[in-house]
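Visitor: Sharing my_file-v1.txt (compact mmCIF, C-alpha atoms) below.
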```txt
# COMPACT_ATOMS: atom_id res chain seq x y z
CA MET T 1 19.35 4.09 -11.88
CA GLY T 2 18.16 5.99 -14.91
CA ASN T 3 17.45 3.12 -17.32
CA ARG T 4 13.88 3.10 -18.59
CA SER T 5 13.70 -0.66 -19.08
CA GLY T 6 15.49 -3.77 -17.90
CA CYS T 7 17.85 -3.80 -14.95
CA LEU T 8 18.17 -0.39 -13.29
CA ILE T 9 21.79 -1.15 -12.44
CA CYS T 10 23.21 -2.38 -15.75
CA GLY T 11 20.35 -2.18 -18.27
CA LYS T 12 20.46 -5.91 -19.05
CA PRO T 13 17.19 -7.87 -19.40
CA LEU T 14 15.33 -9.24 -16.39
CA GLU T 15 14.66 -12.92 -15.92
CA TYR T 16 11.93 -14.58 -13.90
CA TYR T 17 12.30 -17.75 -11.84
CA ASN T 18 9.80 -20.55 -11.26
CA ALA T 19 10.34 -20.28 -7.52
CA GLU T 20 11.47 -17.46 -5.24
CA ARG T 21 15.07 -17.26 -4.11
CA GLU T 22 16.67 -15.01 -1.51
CA MET T 23 18.43 -12.05 -3.07
CA THR T 24 20.26 -8.95 -1.85
CA CYS T 25 19.02 -5.53 -2.97
CA ALA T 26 21.78 -3.64 -4.76
CA VAL T 27 20.53 -0.35 -3.30
CA CYS T 28 19.63 -0.92 0.37
CA GLY T 29 21.63 -4.11 0.93
CA LYS T 30 18.72 -5.94 2.56
CA ARG T 31 17.79 -9.50 1.61
CA PHE T 32 14.36 -10.44 0.27
CA PRO T 33 12.72 -13.43 -1.39
CA SER T 34 12.28 -12.66 -5.09
CA ALA T 35 11.23 -14.44 -8.26
CA ALA T 36 13.03 -11.97 -10.53
CA GLY T 37 16.46 -10.48 -11.09
CA CYS T 38 18.59 -9.38 -14.00
CA VAL T 39 20.64 -11.78 -16.09
CA GLU T 40 23.80 -10.43 -14.42
CA GLY T 41 22.42 -11.21 -10.96
CA HIS T 42 21.43 -7.68 -9.91
CA TYR T 43 18.30 -7.23 -7.84
CA ILE T 44 16.47 -4.15 -6.54
CA CYS T 45 13.68 -4.58 -3.99
CA ASP T 46 10.23 -3.18 -4.67
CA ARG T 47 10.66 -0.40 -2.10
CA CYS T 48 13.90 0.92 -3.56
CA HIS T 49 12.65 0.50 -7.13
CA ALA T 50 9.57 2.63 -6.53
CA LYS T 51 10.74 5.14 -3.90
CA GLN T 52 11.47 8.16 -6.09
CA GLY T 53 8.68 7.30 -8.50
CA ILE T 54 6.14 7.33 -5.66
CA GLU T 55 7.33 10.78 -4.59
CA THR T 56 6.83 11.94 -8.18
CA ILE T 57 3.31 10.49 -8.29
CA LEU T 58 2.16 12.13 -5.06
CA ALA T 59 3.66 15.51 -5.93
CA TYR T 60 2.05 15.45 -9.39
CA CYS T 61 -1.39 14.55 -8.05
CA ARG T 62 -1.33 17.15 -5.29
CA LYS T 63 -0.90 20.00 -7.76
CA SER T 64 -3.04 18.67 -10.62
CA ASP T 65 -6.43 20.15 -11.47
CA SER T 66 -7.06 17.64 -14.26
CA LYS T 67 -10.20 15.54 -14.55
CA ASN T 68 -8.47 13.24 -17.05
CA PRO T 69 -6.71 10.31 -15.36
CA ILE T 70 -5.19 9.08 -18.64
CA ALA T 71 -3.55 12.45 -19.28
CA MET T 72 -2.35 12.43 -15.69
CA VAL T 73 -0.62 9.06 -15.87
CA GLN T 74 0.93 9.98 -19.21
CA GLY T 75 2.36 13.08 -17.58
CA MET T 76 3.72 11.02 -14.71
CA MET T 77 5.08 8.33 -17.03
CA ASP T 78 7.25 10.92 -18.72
CA ASP T 79 9.19 11.44 -15.50
CA PRO T 80 12.58 9.64 -15.50
CA PHE T 81 11.80 7.95 -12.17
CA ILE T 82 8.68 6.23 -13.51
CA TYR T 83 10.27 3.24 -15.20
CA MET T 84 8.86 1.21 -18.06
CA HIS T 85 7.71 -1.50 -15.66
CA GLY T 86 7.48 -1.52 -11.89
CA ASN T 87 5.31 -1.59 -8.82
CA GLU T 88 5.02 2.20 -8.75
CA HIS T 89 2.21 1.70 -11.29
CA HIS T 90 0.23 -0.04 -8.53
CA ILE T 91 0.04 3.33 -6.79
CA MET T 92 -0.10 5.54 -9.88
CA VAL T 93 -3.34 4.13 -11.32
CA GLY T 94 -5.30 4.60 -8.11
CA ALA T 95 -3.72 7.98 -7.37
CA ALA T 96 -4.65 9.33 -10.81
CA LEU T 97 -8.21 8.03 -10.43
CA ILE T 98 -8.54 9.55 -6.96
CA THR T 99 -7.29 12.93 -8.16
CA ALA T 100 -9.43 13.01 -11.31
CA TYR T 101 -12.47 11.89 -9.28
CA HIS T 102 -11.83 14.68 -6.77
CA ASN T 103 -11.36 17.29 -9.51
CA ALA T 104 -14.54 16.10 -11.26
CA GLY T 105 -16.59 16.79 -8.14
CA GLY T 106 -16.26 13.52 -6.25
CA GLU T 107 -16.36 13.92 -2.48
CA VAL T 108 -13.03 12.76 -1.07
CA ASP T 109 -10.26 14.18 1.12
CA LEU T 110 -7.56 14.26 -1.53
CA GLU T 111 -4.50 14.29 0.72
CA ALA T 112 -5.78 11.55 3.02
CA ALA T 113 -6.86 9.46 0.04
CA LEU T 114 -3.50 9.77 -1.70
CA ARG T 115 -1.68 8.75 1.45
CA GLU T 116 -3.93 5.73 1.83
CA MET T 117 -3.37 4.86 -1.83
CA GLU T 118 0.38 5.01 -1.24
CA ALA T 119 0.05 2.67 1.77
CA ARG T 120 -2.16 0.12 0.06
CA GLY T 121 -0.59 0.16 -3.38
CA GLY T 122 2.89 -0.06 -1.90
CA LYS T 123 2.05 -3.46 -0.43
CA TYR T 124 1.18 -5.02 -3.79
CA PRO T 125 4.27 -6.75 -5.20
CA GLY T 126 5.78 -6.42 -8.63
CA GLY T 127 5.27 -9.41 -10.93
CA ALA T 128 1.91 -10.38 -9.42
CA CYS T 129 0.31 -10.08 -12.87
CA GLY T 130 2.12 -13.24 -13.93
CA PHE T 131 2.77 -15.06 -10.66
CA TRP T 132 -0.66 -14.49 -9.12
CA GLY T 133 -2.78 -13.92 -12.22
CA CYS T 134 -3.91 -10.55 -10.86
CA CYS T 135 -2.39 -7.38 -12.32
CA GLY T 136 -1.57 -4.60 -9.85
CA ALA T 137 -3.04 -1.95 -12.15
CA ALA T 138 -6.47 -3.59 -11.83
CA VAL T 139 -6.05 -4.02 -8.08
CA SER T 140 -5.10 -0.34 -7.87
CA ALA T 141 -8.45 0.52 -9.46
CA GLY T 142 -10.15 -1.58 -6.80
CA MET T 143 -8.16 0.20 -4.09
CA PHE T 144 -9.30 3.53 -5.54
CA TRP T 145 -12.92 2.46 -5.28
CA SER T 146 -12.53 1.21 -1.73
CA ILE T 147 -10.82 4.44 -0.64
CA VAL T 148 -13.28 6.92 -2.16
CA THR T 149 -16.34 4.94 -1.01
CA GLY T 150 -14.97 3.97 2.41
CA THR T 151 -15.37 0.28 1.64
CA THR T 152 -14.21 -2.29 4.21
CA PRO T 153 -14.48 -6.11 4.36
CA LEU T 154 -17.76 -5.63 6.26
CA SER T 155 -19.37 -3.33 3.67
CA GLY T 156 -22.41 -4.43 1.71
CA LYS T 157 -23.07 -3.02 -1.75
CA ASN T 158 -19.71 -1.30 -2.09
CA TRP T 159 -17.85 -4.48 -1.13
CA GLY T 160 -19.38 -6.12 -4.19
CA LEU T 161 -18.71 -3.11 -6.39
CA ALA T 162 -15.07 -2.95 -5.31
CA ASN T 163 -14.62 -6.51 -6.52
CA GLN T 164 -16.54 -5.79 -9.71
CA ILE T 165 -14.37 -2.82 -10.70
CA THR T 166 -11.23 -4.90 -10.19
CA ALA T 167 -12.70 -7.85 -12.07
CA GLY T 168 -13.76 -5.63 -14.98
CA ALA T 169 -10.28 -4.15 -15.26
CA LEU T 170 -8.69 -7.61 -15.06
CA GLN T 171 -10.98 -8.93 -17.77
CA GLU T 172 -10.00 -6.14 -20.16
CA ILE T 173 -6.31 -6.46 -19.30
CA GLY T 174 -6.40 -10.21 -19.85
CA MET T 175 -7.97 -9.85 -23.28
CA SER T 176 -4.83 -8.16 -24.61
CA GLY T 177 -2.64 -11.12 -23.68
CA GLY T 178 1.00 -11.02 -22.64
CA PRO T 179 3.80 -10.40 -22.08
CA ARG T 180 3.04 -7.87 -19.38
CA CYS T 181 3.16 -4.15 -20.00
CA CYS T 182 2.64 -1.75 -17.10
CA LYS T 183 1.72 1.07 -19.48
CA ARG T 184 -0.90 -0.89 -21.42
CA ASN T 185 -2.37 -2.34 -18.24
CA SER T 186 -2.51 1.06 -16.53
CA PHE T 187 -4.35 2.66 -19.45
CA THR T 188 -6.82 -0.23 -19.58
CA ALA T 189 -7.49 -0.25 -15.84
CA ILE T 190 -8.13 3.51 -15.83
CA ARG T 191 -10.46 3.44 -18.84
CA THR T 192 -12.46 0.60 -17.30
CA ALA T 193 -12.60 2.23 -13.87
CA ALA T 194 -13.66 5.64 -15.20
CA ALA T 195 -16.58 4.08 -17.07
CA PHE T 196 -17.56 2.12 -13.95
CA VAL T 197 -17.50 5.25 -11.78
CA LYS T 198 -19.65 7.16 -14.23
CA GLU T 199 -22.22 4.34 -14.24
CA LYS T 200 -22.29 3.65 -10.50
CA LEU T 201 -21.52 7.03 -8.92
CA GLY T 202 -22.47 9.49 -11.67
CA THR T 203 -19.10 11.25 -11.54
CA ASP T 204 -17.85 11.90 -15.06
CA MET T 205 -14.09 11.97 -15.43
CA GLU T 206 -12.62 13.12 -18.73
CA LEU T 207 -11.00 10.62 -21.07
CA PRO T 208 -9.31 11.15 -24.45
CA GLU T 209 -11.16 9.90 -27.52
CA LYS T 210 -8.13 7.77 -28.33
CA VAL T 211 -5.36 6.63 -25.99
CA GLU T 212 -1.95 6.55 -27.66
CA CYS T 213 1.16 4.97 -26.14
CA HIS T 214 4.55 6.48 -26.94
CA TYR T 215 6.60 4.15 -24.76
CA SER T 216 6.96 1.14 -27.06
CA THR T 217 10.63 1.80 -27.80
CA ASP T 218 11.34 1.41 -24.06
CA ASN T 219 9.52 -1.92 -23.85
CA GLN T 220 11.60 -4.88 -24.97
CA GLN T 221 8.47 -7.08 -25.00
CA CYS T 222 6.02 -4.67 -26.67
CA ILE T 223 3.27 -6.56 -28.52
CA ARG T 224 3.06 -3.64 -30.99
CA LYS T 225 0.04 -3.84 -33.31
CA LYS T 226 -1.70 -6.28 -30.96
CA CYS T 227 -1.82 -3.49 -28.37
CA PRO T 228 -4.88 -1.19 -28.60
CA TYR T 229 -2.71 1.83 -27.76
CA TYR T 230 0.26 1.18 -30.03
CA VAL T 231 1.55 4.02 -32.15
CA LYS T 232 4.37 3.31 -34.58
CA PRO T 233 7.46 5.31 -33.52
CA GLU T 234 8.48 8.05 -35.91
```
Please lay out the structure from this file as structure tokens.
Guide:
Amino acid sequence: MGNRSGCLICGKPLEYYNAEREMTCAVCGKRFPSAAGCVEGHYICDRCHAKQGIETILAYCRKSDSKNPIAMVQGMMDDPFIYMHGNEHHIMVGAALITAYHNAGGEVDLEAALREMEARGGKYPGGACGFWGCCGAAVSAGMFWSIVTGTTPLSGKNWGLANQITAGALQEIGMSGGPRCCKRNSFTAIRTAAAFVKEKLGTDMELPEKVECHYSTDNQQCIRKKCPYYVKPE
């Protein structure tokens, strides 16, 4: 399962269906409804797809002293178990924001917050960006806000702000257009969230002057020069 893009079993492209069908995970053998599989019929459930990547994310964040969530996700993205696309990004965005917020002086129990981020982000399915019109990277930013501020459905001001941070990230993500790219969307959600946190909470995370993506060769659907982070491969 070392392929960076496409099917993790055979490397062939993925295809998406107009309606879910029941499929058997090639790793755990369990059956799940899914709207995606590879052209050869292989399918890996969200849990199996993300398992080792999630372990990488949590381990990285626990030992990081960085205040720069972009640099953090780029470091995590270089790990072989963080694939080009996948629902592990739904945890990674929020985990990087939590860690950078903590390291920048934000008051949060890092270990408890990371565990909660794992629990919440792990419930958000892959492909929701297209099937639901709500990218998991943006939702992960909203989860981050809810966790560090203790927001619940009964909260007042922070309930509204949790929705605003997600909406702001979604707006910026949507402006780039498709097809989907988990890297592009993660960078955009983090940049938007960091600016929001600085404005609303006064905690200043560090961000690079320019975000550059070096993963385009792994993305079969890269939009290249239309992407704000595209760097031509050498």
Visitor: For a quick check of understanding, using all atoms listed in the file, which of T:Ala195, T:Ala138, T:Cys181, T:Ile190 has the smallest distance to Asn163 (chain T)?
Guide: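 The closest residue to Asn163 (chain T) is T:Ala138.
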Visitor: What is the CA of Pro208 (chain T)-CA of Ala194 (chain T) distance in Å, reported with one decimal?
Guide: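 Atom-to-atom, CA of Pro208 (chain T) and CA of Ala194 (chain T) are spaced 11.6 Å apart.
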Visitor: Pull the neighbourhood of (13.0, -18.6, -8.5) for me: all residues within 7 Å in file coordinates, counting all atoms listed in the file, as a PyMOL selection string.
Guide: chain T and resi 16-21+34-36
Visitor: Using CA of Leu97 (chain T) and CA of Thr192 (chain T) as the two end points, give the distance in Å to one decimal.
Guide: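 Value for the CA of Leu97 (chain T)-CA of Thr192 (chain T) distance: 11.0 Å.
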Visitor: Using only C-alpha atoms, find the one residue out of T:Ala50, T:Cys134, T:Cys213, T:Met205 that sits nearest to Leu170 (chain T).
Guide: T:Cys134
Visitor: Mind checking which residues fall within 10 Å of Arg47 (chain T), counting all atoms listed in the file, ignoring those fewer than 4 positions away in the same chain, and posting them as a PyMOL selection string?
Guide: chain T and resi 25+27-28+51-52+54+87-88+122-123+125
Visitor: Excluding same-chain residues fewer than 2 positions from Cys182 (chain T), what lies within 10 Å of it counting all atoms listed in the file, as a list in words?
Guide: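 Within the cut-off, the hits are Tyr83, Met84, His85, Gly86, Asn87, Glu88, His89, His90, Cys129, Cys135, Gly136, Ala137, Arg180, Arg184, Asn185, Ser186, Phe187, Thr188 and Asn219 of chain T.
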Visitor: Output the selection as a PDB file, in the coordinates of the input - C-alpha atoms for each residue.
Guide:
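selection_25.pdb was written with the following content:
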```
ATOM      1  CA  TYR T  83      10.270   3.240 -15.200  1.00  0.00           C
ATOM      2  CA  MET T  84       8.860   1.210 -18.060  1.00  0.00           C
ATOM      3  CA  HIS T  85       7.710  -1.500 -15.660  1.00  0.00           C
ATOM      4  CA  GLY T  86       7.480  -1.520 -11.890  1.00  0.00           C
ATOM      5  CA  ASN T  87       5.310  -1.590  -8.820  1.00  0.00           C
ATOM      6  CA  GLU T  88       5.020   2.200  -8.750  1.00  0.00           C
ATOM      7  CA  HIS T  89       2.210   1.700 -11.290  1.00  0.00           C
ATOM      8  CA  HIS T  90       0.230  -0.040  -8.530  1.00  0.00           C
ATOM      9  CA  CYS T 129       0.310 -10.080 -12.870  1.00  0.00           C
ATOM     10  CA  CYS T 135      -2.390  -7.380 -12.320  1.00  0.00           C
ATOM     11  CA  GLY T 136      -1.570  -4.600  -9.850  1.00  0.00           C
ATOM     12  CA  ALA T 137      -3.040  -1.950 -12.150  1.00  0.00           C
ATOM     13  CA  ARG T 180       3.040  -7.870 -19.380  1.00  0.00           C
ATOM     14  CA  ARG T 184      -0.900  -0.890 -21.420  1.00  0.00           C
ATOM     15  CA  ASN T 185      -2.370  -2.340 -18.240  1.00  0.00           C
ATOM     16  CA  SER T 186      -2.510   1.060 -16.530  1.00  0.00           C
ATOM     17  CA  PHE T 187      -4.350   2.660 -19.450  1.00  0.00           C
ATOM     18  CA  THR T 188      -6.820  -0.230 -19.580  1.00  0.00           C
ATOM     19  CA  ASN T 219       9.520  -1.920 -23.850  1.00  0.00           C
TER      20      ASN T 219
END
```
Visitor: Separation of CA of Val93 (chain T) and CA of Val73 (chain T), in Å?
Guide: 7.2 Å
Visitor: Gly168 (chain T): which residues within 10 Å, counting all atoms listed in the file, same-chain residues fewer than 3 positions away excluded, as a list in words?
Guide: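 In the requested format, the answer is Ala138, Ala141, Gly142, Asn163, Gln164, Ile165, Gln171, Glu172, Ile173, Gly174, Thr188, Ala189, Thr192, Ala193 and Phe196 of chain T.
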Visitor: With distances taken over all atoms listed in the file, which residue among T:Cys38, T:Thr203, T:Ala96, T:Ala112 lies nearest Ile9 (chain T)?
Guide: T:Cys38
Visitor: List as number ranges by chain the protein and nucleic acid residues near Met117 (chain T), meaning an atom at most 8 Å away when all atoms listed in the file are counted, but skip any in the same chain fewer than 5 places from it.
Guide: T: 91, 94-95, 122, 143-144, 147
Visitor: Just to be explicit: take each residue in the selection above, keep C-alpha atoms, and write the result as a PDB file, in the coordinates of the input.
Guide:
```
ATOM      1  CA  ILE T  91       0.040   3.330  -6.790  1.00  0.00           C
ATOM      2  CA  GLY T  94      -5.300   4.600  -8.110  1.00  0.00           C
ATOM      3  CA  ALA T  95      -3.720   7.980  -7.370  1.00  0.00           C
ATOM      4  CA  GLY T 122       2.890  -0.060  -1.900  1.00  0.00           C
ATOM      5  CA  MET T 143      -8.160   0.200  -4.090  1.00  0.00           C
ATOM      6  CA  PHE T 144      -9.300   3.530  -5.540  1.00  0.00           C
ATOM      7  CA  ILE T 147     -10.820   4.440  -0.640  1.00  0.00           C
TER       8      ILE T 147
END
```
Visitor: Pull the neighbourhood of (19.2, -6.5, -2.1) for me: all residues within 9 Å in file coordinates, counting all atoms listed in the file, as a list in words.
Guide: Glu22, Met23, Thr24, Cys25, Ala26, Val27, Cys28, Gly29, Lys30, Arg31, Phe32, His42, Tyr43, Ile44 and Cys45 of chain T
Visitor: Select, from T:Ser140, T:Pro13, T:Ile57, T:Gly202, the residue with the minimum atom-to-atom distance to Glu107 (chain T), counting only C-alpha atoms.
Guide: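 Selected residue with least distance to Glu107 (chain T): T:Gly202.
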Visitor: T:Leu8, T:Leu154, T:Leu201, T:Leu161: which is nearest Pro80 (chain T), counting all atoms listed in the file?
Guide: T:Leu8
Visitor: Under the rule that all atoms listed in the file are counted, which of T:Pro69, T:Gly53, T:Gly41, T:Pro33 is the nearest residue to Glu118 (chain T)?
Guide: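 Among T:Pro69, T:Gly53, T:Gly41, T:Pro33, it is T:Gly53 that comes nearest to Glu118 (chain T).
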Visitor: Using only C-alpha atoms, which protein or nucleic acid residues come within 12 Å of Arg224 (chain T)? Drop anything in the same chain fewer than 3 positions from it, and give the result as a ChimeraX atom specification.
Guide: /T:176-179,181,184,212-221,227-233
Visitor: Could you please fill out region 109-120 of chain T with all heavy atoms and send it back as a JSON list (two decimals), keeping the file's coordinate frame?
Guide:
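Generated output (out_29.json):
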```json
[["chain", "number", "residue", "atom", "x", "y", "z"],
["T", 109, "ASP", "N", -11.39, 13.42, 0.58],
["T", 109, "ASP", "CA", -10.26, 14.18, 1.12],
["T", 109, "ASP", "C", -9.04, 13.78, 0.33],
["T", 109, "ASP", "O", -8.50, 12.69, 0.52],
["T", 109, "ASP", "CB", -10.09, 13.86, 2.61],
["T", 109, "ASP", "CG", -8.96, 14.63, 3.27],
["T", 109, "ASP", "OD1", -7.97, 14.98, 2.59],
["T", 109, "ASP", "OD2", -9.04, 14.86, 4.49],
["T", 110, "LEU", "N", -8.60, 14.63, -0.58],
["T", 110, "LEU", "CA", -7.56, 14.26, -1.53],
["T", 110, "LEU", "C", -6.27, 13.84, -0.84],
["T", 110, "LEU", "O", -5.71, 12.78, -1.17],
["T", 110, "LEU", "CB", -7.28, 15.42, -2.50],
["T", 110, "LEU", "CG", -6.21, 15.16, -3.56],
["T", 110, "LEU", "CD1", -6.62, 14.02, -4.47],
["T", 110, "LEU", "CD2", -5.95, 16.43, -4.38],
["T", 111, "GLU", "N", -5.77, 14.61, 0.08],
["T", 111, "GLU", "CA", -4.50, 14.29, 0.72],
["T", 111, "GLU", "C", -4.57, 12.98, 1.49],
["T", 111, "GLU", "O", -3.69, 12.12, 1.37],
["T", 111, "GLU", "CB", -4.08, 15.42, 1.66],
["T", 111, "GLU", "CG", -2.76, 15.17, 2.40],
["T", 111, "GLU", "CD", -1.56, 15.00, 1.47],
["T", 111, "GLU", "OE1", -1.58, 15.54, 0.35],
["T", 111, "GLU", "OE2", -0.59, 14.30, 1.87],
["T", 112, "ALA", "N", -5.63, 12.80, 2.25],
["T", 112, "ALA", "CA", -5.78, 11.55, 3.02],
["T", 112, "ALA", "C", -5.92, 10.36, 2.08],
["T", 112, "ALA", "O", -5.36, 9.28, 2.33],
["T", 112, "ALA", "CB", -6.99, 11.65, 3.93],
["T", 113, "ALA", "N", -6.66, 10.55, 0.99],
["T", 113, "ALA", "CA", -6.86, 9.46, 0.04],
["T", 113, "ALA", "C", -5.58, 9.08, -0.67],
["T", 113, "ALA", "O", -5.29, 7.89, -0.88],
["T", 113, "ALA", "CB", -7.94, 9.85, -0.97],
["T", 114, "LEU", "N", -4.77, 10.07, -1.04],
["T", 114, "LEU", "CA", -3.50, 9.77, -1.70],
["T", 114, "LEU", "C", -2.56, 9.04, -0.76],
["T", 114, "LEU", "O", -1.85, 8.11, -1.19],
["T", 114, "LEU", "CB", -2.86, 11.08, -2.19],
["T", 114, "LEU", "CG", -3.52, 11.76, -3.38],
["T", 114, "LEU", "CD1", -2.85, 13.10, -3.67],
["T", 114, "LEU", "CD2", -3.47, 10.87, -4.63],
["T", 115, "ARG", "N", -2.54, 9.42, 0.48],
["T", 115, "ARG", "CA", -1.68, 8.75, 1.45],
["T", 115, "ARG", "C", -2.13, 7.30, 1.65],
["T", 115, "ARG", "O", -1.31, 6.38, 1.78],
["T", 115, "ARG", "CB", -1.68, 9.50, 2.78],
["T", 115, "ARG", "CG", -0.81, 10.74, 2.78],
["T", 115, "ARG", "CD", 0.65, 10.36, 2.58],
["T", 115, "ARG", "NE", 1.53, 11.52, 2.52],
["T", 115, "ARG", "CZ", 2.79, 11.46, 2.17],
["T", 115, "ARG", "NH1", 3.33, 10.29, 1.81],
["T", 115, "ARG", "NH2", 3.53, 12.54, 2.14],
["T", 116, "GLU", "N", -3.42, 7.10, 1.69],
["T", 116, "GLU", "CA", -3.93, 5.73, 1.83],
["T", 116, "GLU", "C", -3.63, 4.91, 0.58],
["T", 116, "GLU", "O", -3.30, 3.72, 0.67],
["T", 116, "GLU", "CB", -5.43, 5.75, 2.10],
["T", 116, "GLU", "CG", -6.05, 4.40, 2.42],
["T", 116, "GLU", "CD", -5.46, 3.73, 3.65],
["T", 116, "GLU", "OE1", -4.92, 4.44, 4.53],
["T", 116, "GLU", "OE2", -5.55, 2.49, 3.75],
["T", 117, "MET", "N", -3.71, 5.55, -0.59],
["T", 117, "MET", "CA", -3.37, 4.86, -1.83],
["T", 117, "MET", "C", -1.91, 4.45, -1.83],
["T", 117, "MET", "O", -1.55, 3.34, -2.25],
["T", 117, "MET", "CB", -3.67, 5.78, -3.01],
["T", 117, "MET", "CG", -3.55, 5.10, -4.38],
["T", 117, "MET", "SD", -4.76, 3.83, -4.64],
["T", 117, "MET", "CE", -3.69, 2.43, -4.99],
["T", 118, "GLU", "N", -1.05, 5.33, -1.35],
["T", 118, "GLU", "CA", 0.38, 5.01, -1.24],
["T", 118, "GLU", "C", 0.58, 3.79, -0.33],
["T", 118, "GLU", "O", 1.36, 2.87, -0.66],
["T", 118, "GLU", "CB", 1.15, 6.20, -0.69],
["T", 118, "GLU", "CG", 2.64, 5.93, -0.48],
["T", 118, "GLU", "CD", 3.36, 7.05, 0.25],
["T", 118, "GLU", "OE1", 2.68, 7.92, 0.83],
["T", 118, "GLU", "OE2", 4.61, 7.04, 0.26],
["T", 119, "ALA", "N", -0.10, 3.77, 0.81],
["T", 119, "ALA", "CA", 0.05, 2.67, 1.77],
["T", 119, "ALA", "C", -0.44, 1.34, 1.20],
["T", 119, "ALA", "O", 0.24, 0.32, 1.30],
["T", 119, "ALA", "CB", -0.69, 3.01, 3.06],
["T", 120, "ARG", "N", -1.60, 1.36, 0.59],
["T", 120, "ARG", "CA", -2.16, 0.12, 0.06],
["T", 120, "ARG", "C", -1.43, -0.36, -1.19],
["T", 120, "ARG", "O", -1.06, -1.53, -1.30],
["T", 120, "ARG", "CB", -3.65, 0.30, -0.24],
["T", 120, "ARG", "CG", -4.50, 0.62, 0.98],
["T", 120, "ARG", "CD", -5.98, 0.61, 0.65],
["T", 120, "ARG", "NE", -6.76, 1.19, 1.73],
["T", 120, "ARG", "CZ", -8.09, 1.23, 1.79],
["T", 120, "ARG", "NH1", -8.80, 0.72, 0.79],
["T", 120, "ARG", "NH2", -8.71, 1.78, 2.80]]
```
